[in-house]
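To start, the structure under review is shown below, and the notes come after it.
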Amino acid sequence: MDHEQEAANSSVAAPATGTPPVRAVTLHGNGVTLSGLLAEPAREPRALLVALHGGGMRAGYFDGRADPATSLLTLAASCGYTALAVDRPGYGRSAAQLPGGAALSEQADTLRAALDDYRLRHPAGAGVLLVGHSLGGATALHTASRWTDKGLLGADVSGIGDRWAPAAKQLAARGGRLSHRMHWGPLALYPPGTFRSADTLITPVPEREAREILDWPQTYARLARHVRVPVRFTFAEHERWWRSDPETVRAMLGRLGSPLSRSERLPGAGHNISLGRTARAYHLRVLAFLEECLTPPEAAKNPPGPR
């Protein structure tokens with residue numbers, strides 16, 4: 001990053017007044033203690049939104065401190081949902097307990113158990129929407145494919161596909177240090193202070209998780225048919241990891257066992273969508289999808305007529 005850009009990103013905005021508070025929490029699943037961040041609505045929640053960060057990040061990815069408008073947690077809580085961002089197994093509180101991390105399928109089992117425990121103790125409304133970014137999106141799809149009760153409403157993922165962009169695969173295969181622009185896209189897409197505040201979020205990718213990265217396209221092909229809830233994919237305009245051409249995306253969606261699947265492209269966004277200037281637009285679309293998942297299919301097909 002050049003000095004001018006670094007200076008432009010050197011100040012961190014304070015949280016906006018009047019927004020729902022975000023507090024640290026712990027969850028327990030399969031003997032693992034997980035840390036996370038929670039924002040709750042003023043009344044009983046309509047649903048529980050569970051957000052899963054990408055590789056090398058933390059739960060705070062969904063509560064961007066550079067600009068309060070980028071926080072998915074406070075936005076969701078202000079709209080009547082409980083919003084829970086979890087440090088995935090191998091991150092945060094569980095890093096000492098799982099020094100090598102955990103495979104994505106193991107993470108899914110632990111997360112599902114932790115959410116079962118949470119829902120026994122706290123109101124969760126009509127069910128759970130999983131929101132995942134990058135490897136968190138892969139974990140969300142793993143979790144959805146192994147979900148056995150009716151409490152899962154859908155999955156909304158970004159920063160993940162099922163076909164590598166050629167340059168990204170070559171970089172990952174070499175195991176070298178990846179460029180800042182591969183992860184972020186053009187720096188101007190992010191609010192001032194983003195890269196300073198992101199220093200507190202960035203952490204090494206656990207070894208066991210890292211070993212699975214190159215295998216994700218094959219893994220997706222196996223598990224997609226077991227995902228039987230609505231799914232929405234979002235691709236950033238400046239996504240450099242995954243192919244998002246129409247033919248590739250149609251084939252990817254066709255592998256799902258979902259009753260509803262769709263994809264969207266977000267202009268003016270880089271890979272780290274939830275930290276960018278367009279984060280609020282993306283998060284509003286996530287909540288719109290959640291509303292759609294809450295609508296019974298019969299009501300959607302037969303809306304009430306004029307009175």
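Ordering of the structure tokens sets the chain letters (A, B, ...); residue numbers start at 1 within each chain; ligands are numbered from 1 in the order shown.
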
Restrict the calculation to only C-alpha atoms, then for each residue of stretch 58-134 of chain A with any atom at most 12 Å from an atom of stretch 209-220 of chain A give the closest atom pair and their distance in Å to one decimal, rows by chain and rising residue number, as a tab-separated table.
residue	atom	partner	partner_atom	distance
A:Arg88	CA	A:Glu209	CA	10.7
A:Pro89	CA	A:Glu209	CA	9.8
A:Gly90	CA	A:Glu209	CA	8.6
A:Tyr91	CA	A:Glu209	CA	10.8
A:Leu98	CA	A:Glu209	CA	11.3
A:Pro99	CA	A:Glu209	CA	11.3
A:Gly100	CA	A:Glu209	CA	8.3
A:Gly101	CA	A:Glu209	CA	6.3
A:Ala102	CA	A:Glu209	CA	6.0
A:Ala103	CA	A:Glu209	CA	5.3
A:Leu104	CA	A:Glu209	CA	6.5
A:Ser105	CA	A:Glu209	CA	9.9
A:Glu106	CA	A:Glu209	CA	10.1
A:Gln107	CA	A:Glu209	CA	9.4
A:Ser134	CA	A:Ile213	CA	10.3

Keeping C-alpha atoms for every residue in the selection just given, could you write it to a file as a tab-separated table (two decimals), in the first residue's frame?
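Listed below is the output, result.tsv:
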chain	number	residue	atom	x	y	z
A	88	ARG	CA	-15.12	-20.36	13.36
A	89	PRO	CA	-13.47	-23.38	15.04
A	90	GLY	CA	-9.72	-22.78	15.05
A	91	TYR	CA	-10.11	-19.01	15.40
A	98	LEU	CA	-7.64	-26.46	18.23
A	99	PRO	CA	-4.06	-25.38	17.46
A	100	GLY	CA	-4.14	-26.97	14.00
A	101	GLY	CA	-7.66	-25.78	13.29
A	102	ALA	CA	-10.36	-28.13	12.03
A	103	ALA	CA	-11.53	-29.51	8.71
A	104	LEU	CA	-14.50	-27.66	7.23
A	105	SER	CA	-16.82	-30.63	7.78
A	106	GLU	CA	-15.71	-30.80	11.43
A	107	GLN	CA	-16.31	-27.07	11.76
A	134	SER	CA	-15.17	-17.00	1.36

Wanna dump the stretch 31-122 of chain A-stretch 157-164 of chain A contacts at 10 Å for me, each residue with its shortest atom pair and the distance in Å to one decimal, counting only C-alpha atoms, ordered by chain and number, as a Markdown table?
| residue | atom | partner | partner_atom | distance |
| --- | --- | --- | --- | --- |
| A:Ala51 | CA | A:Val157 | CA | 9.5 |
| A:Leu52 | CA | A:Val157 | CA | 9.3 |
| A:Gly54 | CA | A:Gly159 | CA | 8.5 |

Among stretch 4-109 of chain A, which residues does DSSP mark as helix (DSSP H, G or I) when it is run on the backbone? Keep the chain and numbering as in the structure and answer as an MDAnalysis selection string. chainID A and resid 4:8 59:62 68:70 72:78 92:95 104:109

Here is a test: counting only C-alpha atoms, which residue of A:Arg93, A:Ala76, A:Ala155, A:Leu266 is nearest to A:Ala24?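 Distance minimum relative to A:Ala24 lands on A:Arg93.
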
Work out how far atom CA of A:Ala96 is from atom CA of A:Arg146, in Å to one decimal.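 Atom CA of A:Ala96 lies at a distance of 26.1 Å from atom CA of A:Arg146.
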
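Of the residues under consideration (A:Gly125, A:Gly151, A:Gly185, A:Pro259), A:Gly185 shows the shortest atom-to-atom contact distance to A:His271 when counting only C-alpha atoms.
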
Quick one: pick out all strand (DSSP E) residues within stretch 48-275 of chain A from a backbone DSSP run and write them as a PyMOL selection string. chain A and resi 48-52+82-86+128-133+152-158+231-236+261-266

Could those residues be written to a file, using C-alpha atoms, as a short mmCIF file (atom, residue, chain, number, x, y, z; two decimals), in the first residue's frame?
data_model
loop_
_atom_site.label_atom_id
_atom_site.label_comp_id
_atom_site.auth_asym_id
_atom_site.auth_seq_id
_atom_site.Cartn_x
_atom_site.Cartn_y
_atom_site.Cartn_z
CA LEU A 48 -31.39 -15.72 13.87
CA LEU A 49 -28.73 -14.65 11.36
CA VAL A 50 -25.43 -16.49 11.86
CA ALA A 51 -22.41 -15.01 10.09
CA LEU A 52 -19.23 -16.98 9.33
CA THR A 82 -30.68 -11.51 16.24
CA ALA A 83 -27.28 -11.37 14.51
CA LEU A 84 -24.49 -13.66 15.66
CA ALA A 85 -21.03 -13.60 14.09
CA VAL A 86 -18.96 -16.61 15.16
CA VAL A 128 -31.53 -19.67 11.13
CA LEU A 129 -30.05 -18.01 8.07
CA LEU A 130 -26.39 -18.87 7.55
CA VAL A 131 -24.31 -16.05 6.04
CA GLY A 132 -20.80 -16.97 4.99
CA HIS A 133 -17.91 -15.20 3.32
CA LEU A 152 -32.50 -23.81 8.80
CA LEU A 153 -34.08 -21.14 6.60
CA GLY A 154 -31.34 -20.76 3.99
CA ALA A 155 -27.73 -19.86 3.23
CA ASP A 156 -26.39 -16.61 1.78
CA VAL A 157 -22.75 -16.77 0.72
CA SER A 158 -20.25 -14.46 -0.92
CA VAL A 231 -29.16 -20.49 -1.36
CA ARG A 232 -27.99 -17.16 -2.72
CA PHE A 233 -24.46 -16.49 -4.03
CA THR A 234 -23.02 -12.99 -4.38
CA PHE A 235 -19.95 -12.26 -6.53
CA ALA A 236 -18.12 -8.97 -6.22
CA SER A 261 -31.04 -20.79 -5.76
CA ARG A 262 -29.78 -17.63 -7.36
CA SER A 263 -26.69 -15.51 -7.84
CA GLU A 264 -26.07 -11.79 -7.90
CA ARG A 265 -23.17 -9.57 -8.93
CA LEU A 266 -22.34 -6.58 -6.73
#

Which residues of stretch 49-110 of chain A come within 12 Å of stretch 195-201 of chain A, and what is each one's closest atom pair and distance in Å (one decimal), counting only C-alpha atoms, sorted by chain and residue number, as CSV?
residue,atom,partner,partner_atom,distance
A:His53,CA,A:Leu201,CA,10.0
A:Gly54,CA,A:Leu201,CA,10.6
A:Gly55,CA,A:Leu201,CA,10.7
A:Gly56,CA,A:Leu201,CA,8.0
A:Met57,CA,A:Leu201,CA,5.2
A:Arg58,CA,A:Leu201,CA,5.1
A:Ala59,CA,A:Leu201,CA,7.7
A:Gly60,CA,A:Leu201,CA,6.4
A:Tyr61,CA,A:Leu201,CA,6.7
A:Phe62,CA,A:Leu201,CA,10.3
A:Asp63,CA,A:Leu201,CA,10.4
A:Gly64,CA,A:Ser197,CA,8.0
A:Arg65,CA,A:Ser197,CA,6.5
A:Ala66,CA,A:Ser197,CA,6.3
A:Asp67,CA,A:Ser197,CA,10.0
A:Asp87,CA,A:Leu201,CA,10.5
A:Tyr91,CA,A:Leu201,CA,10.5
A:Gly92,CA,A:Leu201,CA,9.9

Could the residues in this selection be saved with C-alpha atoms as a PDB file, in the first residue's frame?
ATOM      1  CA  HIS A  53     -16.035 -15.131   8.404  1.00  0.00           C
ATOM      2  CA  GLY A  54     -13.507 -16.110   5.757  1.00  0.00           C
ATOM      3  CA  GLY A  55     -10.040 -17.593   6.051  1.00  0.00           C
ATOM      4  CA  GLY A  56      -7.575 -15.527   8.049  1.00  0.00           C
ATOM      5  CA  MET A  57     -10.286 -13.218   9.444  1.00  0.00           C
ATOM      6  CA  ARG A  58     -12.363 -12.978  12.646  1.00  0.00           C
ATOM      7  CA  ALA A  59     -16.012 -12.463  13.568  1.00  0.00           C
ATOM      8  CA  GLY A  60     -15.441  -8.695  13.592  1.00  0.00           C
ATOM      9  CA  TYR A  61     -15.427  -8.831   9.786  1.00  0.00           C
ATOM     10  CA  PHE A  62     -19.213  -8.484  10.047  1.00  0.00           C
ATOM     11  CA  ASP A  63     -19.007  -5.487  12.384  1.00  0.00           C
ATOM     12  CA  GLY A  64     -16.705  -3.204  10.397  1.00  0.00           C
ATOM     13  CA  ARG A  65     -15.317  -0.476  12.614  1.00  0.00           C
ATOM     14  CA  ALA A  66     -14.022   1.833   9.891  1.00  0.00           C
ATOM     15  CA  ASP A  67     -17.572   2.880   9.006  1.00  0.00           C
ATOM     16  CA  ASP A  87     -15.198 -17.069  15.253  1.00  0.00           C
ATOM     17  CA  TYR A  91     -10.114 -19.006  15.403  1.00  0.00           C
ATOM     18  CA  GLY A  92     -10.570 -16.718  18.387  1.00  0.00           C
TER      19      GLY A  92
END

Considering only C-alpha atoms, state which residue in the set A:Ala108, A:Leu284, A:Ala77, A:Leu260 is at the smallest distance from A:Pro45. A:Ala77

Would you mind listing what lies within 9 Å of A:Arg240 as an NGL selection string, with only C-alpha atoms counted and same-chain residues fewer than 6 positions away left out? :A and (164-165 or 167-168 or 181-185 or 270-271)

Could you work out how far atom CA of A:Thr70 lies from atom CA of A:Ala288, giving the answer in Å with one decimal?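 Between atom CA of A:Ala288 and atom CA of A:Thr70 the gap works out to 16.4 Å.
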
Give me, as a PyMOL selection string, all polymer residues having an atom no more than 9 Å from A:His283, counting only C-alpha atoms and skipping those fewer than 3 positions away in the same chain. chain A and resi 70-72+75-76+274+278-280+286-288

Just the selected residues (N, CA and C atoms), exported as a compact mmCIF listing (two decimals), in the first residue's frame, please.
# COMPACT_ATOMS: atom_id res chain seq x y z
N THR A 70 -21.10 -0.25 7.64
CA THR A 70 -20.71 -1.55 7.11
C THR A 70 -21.07 -2.71 8.04
N SER A 71 -21.61 -2.44 9.23
CA SER A 71 -21.87 -3.52 10.19
C SER A 71 -23.14 -4.28 9.83
N LEU A 72 -23.00 -5.54 9.48
CA LEU A 72 -24.15 -6.41 9.27
C LEU A 72 -24.87 -6.66 10.59
N LEU A 75 -27.12 -3.65 11.63
CA LEU A 75 -28.20 -3.49 10.66
C LEU A 75 -29.26 -4.57 10.86
N ALA A 76 -28.82 -5.82 10.98
CA ALA A 76 -29.77 -6.92 11.14
C ALA A 76 -30.57 -6.76 12.44
N SER A 274 -18.06 -7.25 2.81
CA SER A 274 -18.67 -6.70 4.02
C SER A 274 -17.84 -5.62 4.69
N THR A 278 -19.73 -0.66 -0.46
CA THR A 278 -21.03 -1.21 -0.87
C THR A 278 -21.55 -2.24 0.13
N ALA A 279 -20.92 -2.34 1.30
CA ALA A 279 -21.33 -3.35 2.29
C ALA A 279 -22.80 -3.21 2.66
N ARG A 280 -23.25 -1.98 2.91
CA ARG A 280 -24.64 -1.83 3.34
C ARG A 280 -25.61 -2.29 2.25
N VAL A 286 -28.95 -9.23 1.69
CA VAL A 286 -28.97 -10.42 2.54
C VAL A 286 -30.27 -10.47 3.34
N LEU A 287 -30.64 -9.34 3.92
CA LEU A 287 -31.86 -9.29 4.74
C LEU A 287 -33.11 -9.46 3.87
N ALA A 288 -33.07 -8.96 2.64
CA ALA A 288 -34.19 -9.18 1.72
C ALA A 288 -34.34 -10.66 1.41
